[in-house]
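Participant: Below is the file query_27.cif, with mmCIF, C-alpha atoms.
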```
data_entry
#
loop_
_atom_site.label_atom_id
_atom_site.label_comp_id
_atom_site.auth_asym_id
_atom_site.auth_seq_id
_atom_site.Cartn_x
_atom_site.Cartn_y
_atom_site.Cartn_z
CA MET L 1 25.22 -24.60 -24.95
CA LYS L 2 24.46 -26.85 -21.99
CA LEU L 3 28.13 -27.17 -21.21
CA TRP L 4 28.57 -23.38 -21.27
CA ASN L 5 25.62 -22.90 -18.93
CA LYS L 6 27.05 -25.46 -16.57
CA PHE L 7 30.35 -23.56 -16.63
CA LEU L 8 28.56 -20.30 -15.83
CA GLU L 9 26.66 -22.04 -13.05
CA GLN L 10 29.91 -23.18 -11.54
CA LEU L 11 31.23 -19.61 -11.67
CA GLN L 12 28.03 -18.69 -9.87
CA LEU L 13 27.27 -16.09 -12.53
CA THR L 14 23.86 -17.44 -13.51
CA PRO L 15 21.28 -16.99 -10.81
CA GLY L 16 19.69 -20.18 -9.53
CA ASP L 17 15.94 -20.26 -9.64
CA SER L 18 15.03 -23.20 -7.48
CA ALA L 19 14.75 -21.29 -4.17
CA PRO L 20 11.90 -18.99 -5.27
CA LEU L 21 10.04 -22.07 -6.55
CA ALA L 22 10.52 -23.78 -3.19
CA LYS L 23 9.20 -20.72 -1.39
CA GLU L 24 6.08 -20.55 -3.54
CA ARG L 25 5.36 -24.28 -3.28
CA LEU L 26 5.83 -24.19 0.47
CA ARG L 27 3.58 -21.15 0.86
CA LEU L 28 0.84 -23.02 -0.97
CA ALA L 29 1.39 -26.36 0.75
CA LEU L 30 1.41 -24.79 4.21
CA THR L 31 -1.72 -22.75 3.54
CA TYR L 32 -3.53 -25.96 2.67
CA ASP L 33 -1.97 -27.98 5.51
CA ARG L 34 -2.92 -25.35 8.07
CA ASN L 35 -6.52 -25.28 6.86
CA GLY L 36 -6.86 -29.06 6.69
CA LEU L 37 -7.51 -29.02 2.95
CA GLU L 38 -6.08 -31.09 0.14
CA GLN L 39 -4.90 -29.28 -2.98
CA GLY L 40 -6.43 -32.07 -5.07
CA THR L 41 -9.84 -31.64 -3.45
CA VAL L 42 -9.84 -27.91 -4.04
CA GLU L 43 -8.91 -28.44 -7.70
CA SER L 44 -11.90 -30.84 -8.12
CA LEU L 45 -14.07 -28.26 -6.42
CA ARG L 46 -12.83 -25.62 -8.85
CA ARG L 47 -13.76 -27.81 -11.84
CA GLU L 48 -17.25 -28.42 -10.44
CA ILE L 49 -17.71 -24.70 -9.86
CA VAL L 50 -16.77 -24.03 -13.49
CA GLU L 51 -19.36 -26.58 -14.67
CA LEU L 52 -22.07 -25.19 -12.40
CA MET L 53 -21.40 -21.54 -13.21
CA ALA L 54 -21.28 -22.26 -16.96
CA GLN L 55 -24.87 -23.56 -16.75
CA HIS L 56 -26.11 -20.18 -15.51
CA LEU L 57 -23.63 -17.57 -16.66
CA ASP L 58 -21.30 -16.82 -19.55
CA ILE L 59 -17.97 -17.40 -17.86
CA ASP L 60 -14.34 -17.54 -18.95
CA ALA L 61 -13.51 -21.06 -17.78
CA SER L 62 -9.77 -20.41 -18.01
CA ASP L 63 -10.01 -17.61 -15.45
CA VAL L 64 -11.70 -19.30 -12.50
CA HIS L 65 -9.71 -19.57 -9.27
CA VAL L 66 -10.53 -21.19 -5.95
CA ASP L 67 -8.05 -20.54 -3.19
CA ILE L 68 -7.60 -19.74 0.47
CA ASP L 69 -7.40 -15.99 0.73
CA GLU L 70 -6.29 -14.99 4.17
CA SER L 71 -6.37 -11.30 3.26
CA VAL L 72 -10.15 -11.59 2.97
CA GLY L 73 -10.43 -13.05 6.44
CA PRO L 74 -9.18 -15.96 8.53
CA ASN L 75 -9.71 -19.36 6.86
CA LYS L 76 -11.60 -17.96 3.88
CA LEU L 77 -11.88 -20.10 0.75
CA VAL L 78 -12.49 -17.60 -2.05
CA ALA L 79 -13.68 -18.35 -5.57
CA SER L 80 -13.22 -15.78 -8.30
CA ILE L 81 -15.09 -16.40 -11.55
CA ALA L 82 -14.34 -14.33 -14.63
CA LEU L 83 -17.43 -13.40 -16.60
CA ARG L 84 -17.14 -12.86 -20.32
CA PRO L 85 -17.80 -9.18 -21.09
CA PRO L 86 -21.11 -8.74 -23.02
CA ARG L 87 -20.79 -8.02 -26.75
CA ARG L 88 -22.23 -4.62 -27.71
CA ALA L 89 -24.42 -4.27 -30.91
CA LYS L 90 -22.52 -2.29 -33.60
CA VAL L 91 -24.36 0.89 -34.76
CA PRO L 92 -23.49 1.95 -38.41
CA VAL L 93 -21.76 5.40 -38.16
CA ALA L 94 -23.58 7.04 -41.19
CA MET L 95 -27.06 6.32 -39.82
CA ALA L 96 -26.11 7.77 -36.40
CA GLY L 97 -25.00 11.09 -38.00
CA ARG L 98 -28.22 11.48 -40.10
CA THR L 99 -30.39 10.83 -37.05
CA ALA L 100 -28.72 13.70 -35.15
CA GLU L 101 -29.12 16.19 -38.06
CA SER L 102 -32.77 15.42 -38.65
CA VAL L 103 -33.73 16.50 -35.09
CA MET K 1 17.05 -23.51 42.02
CA THR K 2 14.31 -23.88 39.46
CA GLY K 3 15.74 -25.06 36.22
CA GLN K 4 14.51 -24.24 32.75
CA VAL K 5 13.38 -27.13 30.56
CA ILE K 6 14.04 -26.67 26.84
CA THR K 7 12.77 -29.34 24.45
CA VAL K 8 14.48 -29.70 21.10
CA THR K 9 12.18 -31.05 18.43
CA SER K 10 11.61 -30.86 14.68
CA GLY K 11 9.11 -33.31 13.21
CA LYS K 12 11.53 -34.21 10.44
CA GLY K 13 14.32 -36.65 11.26
CA GLY K 14 17.98 -36.01 10.67
CA VAL K 15 17.90 -32.21 10.84
CA GLY K 16 20.24 -31.91 13.81
CA LYS K 17 18.26 -32.19 17.05
CA THR K 18 20.76 -34.46 18.78
CA THR K 19 23.76 -32.48 17.57
CA PHE K 20 22.05 -29.31 18.77
CA SER K 21 21.12 -30.80 22.13
CA ALA K 22 24.66 -32.05 22.74
CA ASN K 23 26.41 -28.86 21.65
CA VAL K 24 24.10 -26.36 23.30
CA SER K 25 24.16 -28.35 26.55
CA ALA K 26 27.96 -28.25 26.45
CA ALA K 27 27.92 -24.53 25.66
CA LEU K 28 25.60 -23.77 28.58
CA ALA K 29 27.77 -25.89 30.84
CA ALA K 30 30.90 -24.10 29.62
CA LEU K 31 29.17 -20.82 30.51
CA GLY K 32 28.88 -22.10 34.08
CA LYS K 33 25.33 -23.42 34.10
CA LYS K 34 24.63 -26.81 35.66
CA THR K 35 23.11 -28.58 32.64
CA VAL K 36 21.67 -32.01 31.88
CA ALA K 37 20.93 -33.32 28.40
CA VAL K 38 18.09 -35.88 28.33
CA ASP K 39 17.63 -38.40 25.51
CA THR K 40 13.98 -39.36 25.00
CA ASP K 41 14.55 -41.34 21.80
CA VAL K 42 14.00 -44.67 23.52
CA GLY K 43 15.09 -47.53 21.30
CA LEU K 44 17.18 -45.35 18.97
CA ARG K 45 19.41 -43.52 21.40
CA ASN K 46 22.14 -41.25 20.00
CA LEU K 47 22.75 -38.42 22.43
CA ASP K 48 25.20 -40.60 24.37
CA ILE K 49 27.35 -41.46 21.37
CA VAL K 50 27.34 -37.90 20.03
CA MET K 51 28.51 -36.65 23.41
CA GLY K 52 31.19 -39.34 23.61
CA LEU K 53 29.67 -40.81 26.78
CA GLU K 54 28.43 -44.11 25.34
CA ASN K 55 30.84 -46.19 27.40
CA ARG K 56 29.70 -44.66 30.70
CA ILE K 57 26.05 -45.66 30.72
CA VAL K 58 24.89 -47.95 33.49
CA TYR K 59 21.30 -46.83 34.07
CA ASP K 60 18.93 -45.02 31.74
CA LEU K 61 15.63 -43.12 31.57
CA VAL K 62 13.52 -46.29 31.49
CA ASP K 63 15.29 -47.67 34.58
CA VAL K 64 14.26 -44.47 36.38
CA VAL K 65 10.65 -44.59 35.09
CA GLU K 66 10.30 -48.25 36.08
CA GLY K 67 11.78 -47.68 39.53
CA ARG K 68 14.94 -49.73 39.16
CA CYS K 69 17.09 -46.81 40.25
CA ARG K 70 16.83 -43.28 41.58
CA LEU K 71 17.10 -40.42 39.06
CA GLN K 72 20.46 -39.24 40.42
CA LYS K 73 21.99 -42.68 39.88
CA ALA K 74 21.16 -42.66 36.18
CA ILE K 75 22.65 -39.22 35.53
CA ILE K 76 26.20 -39.26 34.16
CA ARG K 77 28.58 -36.35 34.72
CA ASP K 78 30.89 -35.49 31.82
CA ARG K 79 34.46 -35.58 33.17
CA ARG K 80 35.63 -33.01 30.62
CA ILE K 81 33.12 -30.30 31.59
CA ASP K 82 31.96 -30.93 35.11
CA THR K 83 28.77 -28.87 34.84
CA LEU K 84 27.60 -31.08 31.94
CA HIS K 85 25.47 -34.17 32.54
CA LEU K 86 23.57 -36.78 30.55
CA LEU K 87 20.45 -38.87 31.18
CA ALA K 88 20.55 -41.49 28.46
CA ALA K 89 17.66 -43.28 26.79
CA ALA K 90 17.25 -47.04 26.87
CA GLN K 91 18.36 -48.85 23.75
CA THR K 92 16.45 -52.13 24.09
CA ARG K 93 12.96 -50.77 24.65
CA ASP K 94 10.67 -48.40 22.73
CA LYS K 95 8.89 -45.10 23.37
CA ASN K 96 5.89 -46.80 24.97
CA ALA K 97 8.06 -47.57 27.97
CA VAL K 98 7.75 -43.91 29.00
CA SER K 99 4.53 -41.94 29.47
CA PRO K 100 3.99 -38.17 29.42
CA ASP K 101 3.03 -38.37 33.13
CA ALA K 102 6.28 -40.10 34.00
CA MET K 103 8.24 -37.52 31.99
CA GLU K 104 6.46 -34.68 33.73
CA LYS K 105 7.52 -36.05 37.12
CA ILE K 106 11.10 -36.50 35.97
CA CYS K 107 11.24 -32.94 34.59
CA ALA K 108 9.91 -31.59 37.88
CA GLU K 109 12.66 -33.42 39.74
CA LEU K 110 15.36 -32.31 37.29
CA LYS K 111 14.31 -28.69 37.71
CA HIS K 112 15.43 -28.88 41.35
CA LEU K 113 18.83 -30.25 40.40
CA PHE K 114 19.86 -28.29 37.29
CA ASP K 115 19.86 -24.79 35.81
CA TYR K 116 19.10 -26.11 32.33
CA ILE K 117 17.48 -29.32 31.16
CA ILE K 118 17.83 -29.91 27.42
CA ILE K 119 15.44 -32.59 26.20
CA ASP K 120 16.35 -34.21 22.90
CA SER K 121 13.08 -35.28 21.29
CA PRO K 122 12.86 -38.09 18.74
CA ALA K 123 11.64 -37.37 15.21
CA GLY K 124 7.90 -37.67 14.60
CA ILE K 125 4.81 -36.45 16.39
CA GLU K 126 3.79 -39.59 18.25
CA ARG K 127 4.47 -40.82 21.78
CA GLY K 128 8.16 -39.90 21.89
CA PHE K 129 7.37 -36.33 20.87
CA GLN K 130 4.51 -36.14 23.40
CA ASN K 131 6.85 -37.37 26.12
CA ALA K 132 9.50 -34.83 25.18
CA ILE K 133 7.28 -31.75 25.19
CA VAL K 134 5.11 -32.31 28.25
CA GLY K 135 7.53 -30.76 30.77
CA ALA K 136 8.92 -28.05 28.51
CA ASP K 137 9.13 -24.38 29.48
CA GLU K 138 10.25 -23.55 25.98
CA ILE K 139 10.74 -25.30 22.67
CA ALA K 140 13.52 -25.04 20.11
CA ILE K 141 12.36 -26.24 16.69
CA ILE K 142 15.16 -27.36 14.42
CA THR K 143 14.73 -27.11 10.67
CA THR K 144 16.96 -27.11 7.61
CA PRO K 145 16.44 -25.09 4.41
CA HIS K 146 14.51 -27.87 2.66
CA VAL K 147 10.84 -28.09 1.74
CA SER K 148 10.32 -31.31 3.69
CA ALA K 149 11.87 -30.08 6.95
CA ILE K 150 10.01 -26.76 6.82
CA ARG K 151 6.67 -28.39 6.16
CA ASP K 152 7.17 -30.73 9.12
CA ALA K 153 8.33 -27.86 11.35
CA ASP K 154 5.15 -25.98 10.51
CA ARG K 155 3.03 -28.98 11.48
CA VAL K 156 4.91 -29.24 14.78
CA VAL K 157 4.26 -25.56 15.54
CA GLY K 158 0.55 -26.24 15.14
CA LEU K 159 0.70 -29.23 17.49
CA LEU K 160 2.70 -27.30 20.07
CA GLU K 161 0.25 -24.42 20.10
CA ALA K 162 -2.59 -26.90 20.51
CA ALA K 163 -0.69 -28.36 23.49
CA ASP K 164 -0.46 -24.86 24.99
CA LYS K 165 3.28 -24.55 24.41
CA HIS K 166 3.70 -21.04 23.11
CA LYS K 167 7.31 -20.19 23.82
CA ILE K 168 8.74 -21.51 20.57
CA ARG K 169 11.86 -20.42 18.73
CA LEU K 170 13.34 -21.56 15.43
CA VAL K 171 16.81 -22.87 14.68
CA ILE K 172 17.83 -23.06 11.04
CA ASN K 173 20.52 -25.67 10.63
CA ARG K 174 22.87 -26.74 7.82
CA VAL K 175 22.73 -23.48 5.90
CA GLN K 176 25.03 -23.29 2.87
CA PRO K 177 25.71 -19.58 2.22
CA ALA K 178 27.03 -20.07 -1.34
CA MET K 179 23.84 -21.88 -2.38
CA VAL K 180 21.71 -19.21 -0.74
CA ARG K 181 23.57 -16.50 -2.66
CA ARG K 182 23.01 -18.39 -5.94
CA GLY K 183 19.29 -18.53 -5.27
CA ASP K 184 19.39 -22.32 -4.93
CA MET K 185 18.66 -22.50 -1.23
CA LEU K 186 15.92 -20.84 0.76
CA ASP K 187 17.26 -17.84 2.62
CA ILE K 188 16.75 -16.96 6.26
CA PRO K 189 14.19 -14.16 5.76
CA ASP K 190 12.13 -16.47 3.51
CA MET K 191 12.05 -19.20 6.14
CA LEU K 192 11.23 -16.84 8.99
CA ASP K 193 8.47 -15.38 6.84
CA ILE K 194 7.00 -18.79 6.00
CA LEU K 195 7.10 -20.17 9.54
CA SER K 196 6.52 -16.92 11.46
CA ILE K 197 8.39 -17.84 14.61
CA GLU K 198 11.19 -16.02 16.35
CA PRO K 199 14.71 -17.15 15.41
CA LEU K 200 17.00 -18.61 18.06
CA GLY K 201 19.93 -19.46 15.84
CA ILE K 202 21.34 -20.03 12.36
CA ILE K 203 23.95 -22.75 11.99
CA PRO K 204 26.08 -23.20 8.85
CA GLU K 205 26.97 -26.55 7.32
CA ASP K 206 30.31 -27.45 8.87
CA GLU K 207 32.63 -30.43 8.51
CA ALA K 208 33.59 -30.02 12.15
CA ILE K 209 30.21 -31.55 13.08
CA VAL K 210 31.27 -34.82 11.45
CA THR K 211 34.84 -34.82 12.69
CA THR K 212 34.00 -33.94 16.29
CA SER K 213 31.22 -36.52 16.53
CA ASN K 214 33.60 -39.12 15.07
CA LYS K 215 35.83 -38.47 18.06
CA GLY K 216 33.04 -38.15 20.61
CA GLU K 217 33.82 -34.46 20.98
CA LEU K 218 31.67 -31.39 20.44
CA ALA K 219 32.01 -28.57 17.88
CA THR K 220 31.33 -26.07 20.65
CA GLN K 221 34.72 -26.95 22.09
CA GLU K 222 36.41 -26.49 18.71
CA THR K 223 37.51 -22.85 18.44
CA THR K 224 37.74 -22.81 14.64
CA SER K 225 34.28 -24.24 13.99
CA LYS K 226 31.64 -21.83 12.66
CA ALA K 227 28.89 -24.20 13.75
CA GLY K 228 30.49 -24.37 17.20
CA LEU K 229 30.41 -20.59 17.41
CA ALA K 230 26.76 -20.58 16.32
CA TYR K 231 25.90 -23.07 19.11
CA MET K 232 27.73 -20.94 21.65
CA ASN K 233 25.79 -17.88 20.50
CA ILE K 234 22.56 -19.83 20.88
CA ALA K 235 23.48 -20.73 24.44
CA ARG K 236 24.12 -17.06 25.16
CA ARG K 237 20.76 -16.11 23.68
CA ILE K 238 19.10 -18.72 25.88
CA LEU K 239 20.73 -16.97 28.82
CA GLY K 240 19.13 -13.73 27.69
CA GLU K 241 22.08 -12.11 25.97
CA ASP K 242 21.39 -10.11 22.80
CA VAL K 243 23.84 -11.74 20.39
CA PRO K 244 23.74 -10.65 16.73
CA PHE K 245 23.40 -13.42 14.14
CA LEU K 246 26.57 -14.58 12.35
CA GLN K 247 27.37 -13.20 8.95
CA LEU K 248 27.57 -16.40 6.95
CA GLU K 249 30.08 -15.43 4.27
CA SER K 250 31.97 -18.28 2.67
CA GLY K 251 35.21 -16.42 2.08
CA ASP K 252 34.82 -15.20 -1.49
CA GLY K 253 33.99 -11.73 -0.26
CA LEU K 254 35.63 -9.86 -3.14
CA LEU K 255 33.67 -11.72 -5.82
CA GLN K 256 30.45 -11.01 -3.92
CA TRP K 257 31.28 -7.31 -3.67
CA PHE K 258 31.97 -7.21 -7.42
CA LYS K 259 28.68 -8.92 -8.22
CA ARG K 260 26.75 -6.62 -5.93
CA LEU K 261 28.35 -3.60 -7.57
CA PHE K 262 27.15 -4.65 -11.00
CA ARG K 263 23.92 -6.11 -9.65
CA ILE K 264 24.80 -9.60 -10.83
CA LYS K 265 23.01 -12.15 -8.62
#
```
Using structure tokens, write down the structure from this file.
Facilitator:
Amino acid sequence: MKLWNKFLEQLQLTPGDSAPLAKERLRLALTYDRNGLEQGTVESLRREIVELMAQHLDIDASDVHVDIDESVGPNKLVASIALRPPRRAKVPVAMAGRTAESV
Amino acid sequence: MTGQVITVTSGKGGVGKTTFSANVSAALAALGKKTVAVDTDVGLRNLDIVMGLENRIVYDLVDVVEGRCRLQKAIIRDRRIDTLHLLAAAQTRDKNAVSPDAMEKICAELKHLFDYIIIDSPAGIERGFQNAIVGADEIAIITTPHVSAIRDADRVVGLLEAADKHKIRLVINRVQPAMVRRGDMLDIPDMLDILSIEPLGIIPEDEAIVTTSNKGELATQETTSKAGLAYMNIARRILGEDVPFLQLESGDGLLQWFKRLFRIK
């Protein structure tokens, strides 16, 4: 299978995928470079925000992002924290119907 | 005569600053402009050997700065193109031998003598770079389609803007069209988008760069070289001409047409 893929690659029939990766990595690296931030520092910050938020709110720790968001404004570090939607109490259907009729 | 000083820099080493400086100087000279190429890479000089003038050097930039000779005495005229000149760097010193102030004075003097002054900057962002940019009217940043070169180019743009140098244009060197088409090399629109500076030129990878420099000749003088043509177009753009960018096809046009027809990348 590997040999076949290599053959296709040589025929230039399989699209390469390394350029889009390079573009994305560069976009990220340059955003951080330009703002004087380290990606590692921001990741630590994100973890601390998750810990702090979890003490006060019911959050979805897997959906917390901290990033530079230039669309919000120049040099804006934006944190988005996903809250877990509240569970609603289930009302038994039969009881609900009887209540309406008795009015 | 007030000449135009163009500094060629990159941040990253080995992306083609010296080759660019040599070839574009020759192209401008061939177009009739009195041109001098200046090597500011003191201690690691290469402009002289790329231009094939290494056996003509008597005096260099540091001799001028330290007052051992007048500027005119250190400038070498190329016997093959008589509007082309070189001011070589010293080989036995380092970049601390020259200061930005000294470079500024030299640039001012060169502006009275030449139409175009092409300053070949060393790699890096330290003293050599500072020396090279101080007298510049405009900057050409050289990059290649690689993550390292682009990141460094971006850093250099930031430093240039901080130094109040705002006329900056980008040259993308060593492009390999087949790799770009396969999606394995960053394409021109991507790079222009990432760096957000105006393009000055796009130069394809070309064996003629190696063969001409082996002989001490320049690709610009080689009529069959695609890179040579790209350098000539850059010179014309510097002169204000509106030259469209080269279509970098690598000759398998029919296969590309077929793929495009069936939307195969």
Participant: Per residue of chain L within 6 Å of chain K, which atom pair is closest and at what distance in Å (one decimal), using all atoms listed in the file, listed by chain and increasing number, as a Markdown table?
Facilitator:
```
| residue | atom | partner | partner_atom | distance |
| --- | --- | --- | --- | --- |
| L:Pro15 | CA | K:Arg182 | CA | 5.4 |
| L:Gly16 | CA | K:Gly183 | CA | 4.6 |
| L:Asp17 | CA | K:Gly183 | CA | 5.8 |
| L:Ser18 | CA | K:Asp184 | CA | 5.1 |
| L:Ala19 | CA | K:Asp184 | CA | 4.8 |
```
Participant: Can you pull out every residue within 12 Å of L:Val66, counting all atoms listed in the file, but drop anything in the same chain fewer than 6 positions away, and send it as a ChimeraX atom specification?
Facilitator: /L:39-50,76-82
Participant: Evaluated on this file, the PyMOL selection byres ((chain K and resi 206-213) around 7) picks out some residues - which ones are they, written as a PyMOL selection string?
Facilitator: chain K and resi 50+204-205+214-219+225-227
Participant: Could you please take those selected residues and save C-alpha atoms as an mmCIF file, in the frame of the given file?
Facilitator:
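The resulting file, result_5.cif, is reproduced below:
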```
data_model
loop_
_atom_site.group_PDB
_atom_site.id
_atom_site.type_symbol
_atom_site.label_atom_id
_atom_site.label_comp_id
_atom_site.auth_asym_id
_atom_site.auth_seq_id
_atom_site.Cartn_x
_atom_site.Cartn_y
_atom_site.Cartn_z
ATOM 1 C CA VAL K 50 27.340 -37.900 20.030
ATOM 2 C CA PRO K 204 26.080 -23.200 8.850
ATOM 3 C CA GLU K 205 26.970 -26.550 7.320
ATOM 4 C CA ASN K 214 33.600 -39.120 15.070
ATOM 5 C CA LYS K 215 35.830 -38.470 18.060
ATOM 6 C CA GLY K 216 33.040 -38.150 20.610
ATOM 7 C CA GLU K 217 33.820 -34.460 20.980
ATOM 8 C CA LEU K 218 31.670 -31.390 20.440
ATOM 9 C CA ALA K 219 32.010 -28.570 17.880
ATOM 10 C CA SER K 225 34.280 -24.240 13.990
ATOM 11 C CA LYS K 226 31.640 -21.830 12.660
ATOM 12 C CA ALA K 227 28.890 -24.200 13.750
#
```
Participant: Taking the file above as input, evaluate the PyMOL selection byres ((chain K and resi 95-107) around 10) and report the hits as a ChimeraX atom specification.
Facilitator: /K:3-5,38,40-44,61-66,71,89-90,93-94,108-113,117,119,122,126-136
Participant: Rounded to one decimal, what separation in Å do you get between atom CA of L:Leu28 and atom CA of K:Gln176?
Facilitator: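 Calculated distance between atom CA of L:Leu28 and atom CA of K:Gln176 is 24.5 Å.
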Participant: I need the output of the PyMOL selection byres ((chain L and resi 84) around 10) for this file as a ChimeraX atom specification; which residues are they?
Facilitator: /L:57-61,63,81-83,85-87
Participant: To one decimal place in Å, what is the distance between atom CA of K:Asn23 and atom CA of K:Ala88?
Facilitator: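 Separation between atom CA of K:Asn23 and atom CA of K:Ala88: 15.5 Å.
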Participant: Between atom CA of K:Ile6 and atom CA of K:Ile118, what distance in Å does the model show, to one decimal?
Facilitator: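 Between these atoms lies a distance of 5.0 Å.
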Participant: Calculated over all atoms listed in the file, which of the candidates K:Leu84, K:Val175, K:Ala230, K:Ala153 has the smallest distance to K:Ile197?
Facilitator: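 Using all atoms listed in the file, K:Ile197 sits closest to K:Ala153.
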Participant: Restricting the calculation to only C-alpha atoms: of K:Leu87, K:Met51, K:Val8, K:Leu200, which residue gets closest to K:Val156?
Facilitator: K:Val8
Participant: Identify which of the residues K:Gln221, K:Thr19, K:Ser121, K:Thr35 lies closest to K:Ile203, counting only C-alpha atoms when measuring atom-to-atom distances.
Facilitator: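 For K:Ile203, the nearest of the given residues is K:Thr19.
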